[in-house]
Amino acid sequence: MTSALARRTGAPIPVLDVGGTHVTAALVDSATGRPVPSSVLRRPLGSDDAATDILDAIALAALELPAEHRRRWGVAMPGPFDYDTGVGRFAGVGKFESLSGVDVGVGLRRRLADRAERLCFLNDADAFAIGEYHAGAAAGHDRVVCLTLGTGVGSSFLRDGLPVHEGTRVPPGGHVHRLTVDDRPLEDLVSRRAIRAHYARSAALADDAELPDVHRIAESARKGDPAAAEAFRYAFETLGQALAPWIDRFETTRVVIGGSMAQSWDLIHPAFTAGLVRTGGTTARVLPAGQPAQAPLIGAAHWAQDTPRAAP
């Protein structure tokens with residue numbers, strides 16, 4: 001599929017992908033629609049730091065990019081965030097708390113000076129989905145659900161390449177993490193902390209025992225540890241069951257899964273599809289991301305280039 005950016009020529013598009021521990025900066029070639037390999041850089045970022053330190057770290061990464069680029073930036077940010085105004089809304093979520101109420105857009109533009117005319121913010125899961133639509137596993141599909149599995153569950157319901165945040169066909173705000181299962185928030189059952197806690201209970205670990213991280217639990221599951229296998233099975237069957245009605249309601253033809261946990265595809269995919277089947281099944285095909293690392297950068301570039309509005 002030829003990227004929409006490939007039909008344009010000129011200077012590359014600068015993008016930022018802001019995460020809880022790192023910020024990635026890159027230039028996206030307007031001719032190919034892909035990040036320029038030599039430009040991609042990843043720098044550490046402390047989500048518990050003071051607002052000034054966080055903005056300084058993001059800006060320093062941006063300023064490391066070669067200066068010959070367009071002045072409109074695509075910036076993928078985790079929520080809660082006011083993407084229209086560029087103001088953080090992170091109170092009570094355990095990350096970027098110091099940015100709550102802070103005008104991130106103004107702060108970054110001041111630091112980037114004449115290298116930024118406009119910052120086009122979008123949700124990081126939406127950036128991933130748009131990138132997969134233009135260059136990955138969602139290409140050619142008009143109605144797609146994309147999931148990013150990491151600390152929690154990020155999601156984007158994409159119609160004709162644009163994220164849908166409103167209406168009866170999507171969860172509140174278009175975000176799966178707002179769903180509940182048996183009156184409990186979904187991320188109490190499907191998240192990094194949920195998998196670790198489930199493993200601790202199933203393995204009967206002592207309260208003061210050091211919990212292995214998710215990738216270690218995945219390794220144990222592959223080696224036949226029943227407690228580890230059960231932790232993965234329960235989490236992702238639950239996710240499949242919770243998401244199945246929305247996949248059908250949205251008339252989804254493809255589900256694309258990325259994020260750090262997607263590296264355990266051999267454990268996630270069978271459990272997730274079992275959950276879908278248990279709830280009645282779906283005709284949507286479930287696939288791993290085609291561009292797991294580049295998709296958020298590609299998506300942010302398209303957002304900056306086209307400055308689209310979310311689909312109604």
# chains A, B, ... in the order shown; residues from 1 in each chain; ligands from 1

call {"tool": "residues_around", "arguments": {"residues": "region 82-98 of chain A", "least_positions_apart": "4", "cutoff": "10 Å", "atoms": "only C-alpha atoms", "output": "PyMOL selection string"}}
result
chain A and resi 19-21+46-54+75-78+102-108+119-123+309

call {"tool": "residues_around", "arguments": {"residues": "Leu16 (chain A)", "least_positions_apart": "4", "cutoff": "10 Å", "atoms": "only C-alpha atoms", "output": "VMD selection string"}}
result
chain A and resid 23 to 27 40 to 42 58 to 59 61 to 62 73 to 77 119 121 296 to 297 300 to 301

call {"tool": "residues_around", "arguments": {"residues": "Tyr234 (chain A)", "least_positions_apart": "4", "cutoff": "9 Å", "atoms": "only C-alpha atoms", "output": "VMD selection string"}}
result
chain A and resid 189 to 190 195 198 229 to 230 238 to 239 271

call {"tool": "atom_distance", "arguments": {"atom1": "CA of Ala274 (chain A)", "atom2": "CA of Gly240 (chain A)"}}
result
7.2 Å

call {"tool": "residues_around", "arguments": {"residues": "region 281-295 of chain A", "least_positions_apart": "5", "cutoff": "6 Å", "atoms": "only C-alpha atoms", "output": "ChimeraX atom specification"}}
result
/A:128,131-132,136-137,252-258,276

call {"tool": "write_last_selection", "arguments": {"atoms": "N, CA, C and O atoms", "output": "PDB file, in the first residue's frame"}}
result
ATOM      1  N   PHE A 128      -0.090   4.439  17.157  1.00  0.00           N
ATOM      2  CA  PHE A 128       0.250   3.069  16.773  1.00  0.00           C
ATOM      3  C   PHE A 128      -0.736   2.541  15.732  1.00  0.00           C
ATOM      4  O   PHE A 128      -0.346   1.961  14.712  1.00  0.00           O
ATOM      5  N   GLY A 131      -0.342   4.185  12.321  1.00  0.00           N
ATOM      6  CA  GLY A 131       0.852   3.656  11.678  1.00  0.00           C
ATOM      7  C   GLY A 131       0.636   2.269  11.117  1.00  0.00           C
ATOM      8  O   GLY A 131       1.081   1.963  10.001  1.00  0.00           O
ATOM      9  N   GLU A 132      -0.074   1.415  11.868  1.00  0.00           N
ATOM     10  CA  GLU A 132      -0.369   0.068  11.375  1.00  0.00           C
ATOM     11  C   GLU A 132      -1.320   0.114  10.179  1.00  0.00           C
ATOM     12  O   GLU A 132      -1.245  -0.725   9.282  1.00  0.00           O
ATOM     13  N   GLY A 136       1.274  -1.316   8.177  1.00  0.00           N
ATOM     14  CA  GLY A 136       1.396  -2.557   8.923  1.00  0.00           C
ATOM     15  C   GLY A 136       0.236  -3.508   8.732  1.00  0.00           C
ATOM     16  O   GLY A 136      -0.372  -3.589   7.661  1.00  0.00           O
ATOM     17  N   ALA A 137      -0.121  -4.200   9.798  1.00  0.00           N
ATOM     18  CA  ALA A 137      -1.099  -5.286   9.723  1.00  0.00           C
ATOM     19  C   ALA A 137      -2.530  -4.813   9.534  1.00  0.00           C
ATOM     20  O   ALA A 137      -3.407  -5.616   9.220  1.00  0.00           O
ATOM     21  N   THR A 252     -15.697  -4.875  13.119  1.00  0.00           N
ATOM     22  CA  THR A 252     -14.249  -4.976  12.944  1.00  0.00           C
ATOM     23  C   THR A 252     -13.890  -6.128  12.009  1.00  0.00           C
ATOM     24  O   THR A 252     -14.441  -7.225  12.122  1.00  0.00           O
ATOM     25  N   THR A 253     -12.960  -5.895  11.113  1.00  0.00           N
ATOM     26  CA  THR A 253     -12.483  -6.969  10.238  1.00  0.00           C
ATOM     27  C   THR A 253     -11.077  -7.430  10.618  1.00  0.00           C
ATOM     28  O   THR A 253     -10.633  -8.481  10.159  1.00  0.00           O
ATOM     29  N   ARG A 254     -10.381  -6.655  11.437  1.00  0.00           N
ATOM     30  CA  ARG A 254      -9.041  -7.061  11.865  1.00  0.00           C
ATOM     31  C   ARG A 254      -8.725  -6.478  13.239  1.00  0.00           C
ATOM     32  O   ARG A 254      -9.039  -5.324  13.526  1.00  0.00           O
ATOM     33  N   VAL A 255      -8.110  -7.305  14.090  1.00  0.00           N
ATOM     34  CA  VAL A 255      -7.606  -6.873  15.389  1.00  0.00           C
ATOM     35  C   VAL A 255      -6.090  -6.992  15.344  1.00  0.00           C
ATOM     36  O   VAL A 255      -5.542  -8.048  15.013  1.00  0.00           O
ATOM     37  N   VAL A 256      -5.405  -5.894  15.653  1.00  0.00           N
ATOM     38  CA  VAL A 256      -3.947  -5.856  15.596  1.00  0.00           C
ATOM     39  C   VAL A 256      -3.413  -5.597  16.999  1.00  0.00           C
ATOM     40  O   VAL A 256      -3.873  -4.678  17.684  1.00  0.00           O
ATOM     41  N   ILE A 257      -2.456  -6.406  17.419  1.00  0.00           N
ATOM     42  CA  ILE A 257      -1.942  -6.324  18.787  1.00  0.00           C
ATOM     43  C   ILE A 257      -0.448  -6.015  18.772  1.00  0.00           C
ATOM     44  O   ILE A 257       0.343  -6.674  18.101  1.00  0.00           O
ATOM     45  N   GLY A 258      -0.069  -4.978  19.522  1.00  0.00           N
ATOM     46  CA  GLY A 258       1.325  -4.593  19.690  1.00  0.00           C
ATOM     47  C   GLY A 258       1.625  -4.314  21.146  1.00  0.00           C
ATOM     48  O   GLY A 258       0.883  -4.709  22.041  1.00  0.00           O
ATOM     49  N   LEU A 276     -12.525 -14.717  22.805  1.00  0.00           N
ATOM     50  CA  LEU A 276     -13.448 -14.258  21.764  1.00  0.00           C
ATOM     51  C   LEU A 276     -14.465 -15.345  21.433  1.00  0.00           C
ATOM     52  O   LEU A 276     -15.670 -15.076  21.318  1.00  0.00           O
TER      53      LEU A 276
END

call {"tool": "atom_distance", "arguments": {"atom1": "CA of Leu205 (chain A)", "atom2": "CA of Pro270 (chain A)"}}
result
26.4 Å

call {"tool": "closest_residue", "arguments": {"among": "A:Arg71, A:Val170, A:Asp114, A:Ala235", "to": "Ala194 (chain A)", "atoms": "only C-alpha atoms"}}
result
A:Ala235

call {"tool": "atom_distance", "arguments": {"atom1": "CA of Val18 (chain A)", "atom2": "CA of Glu210 (chain A)"}}
result
29.1 Å
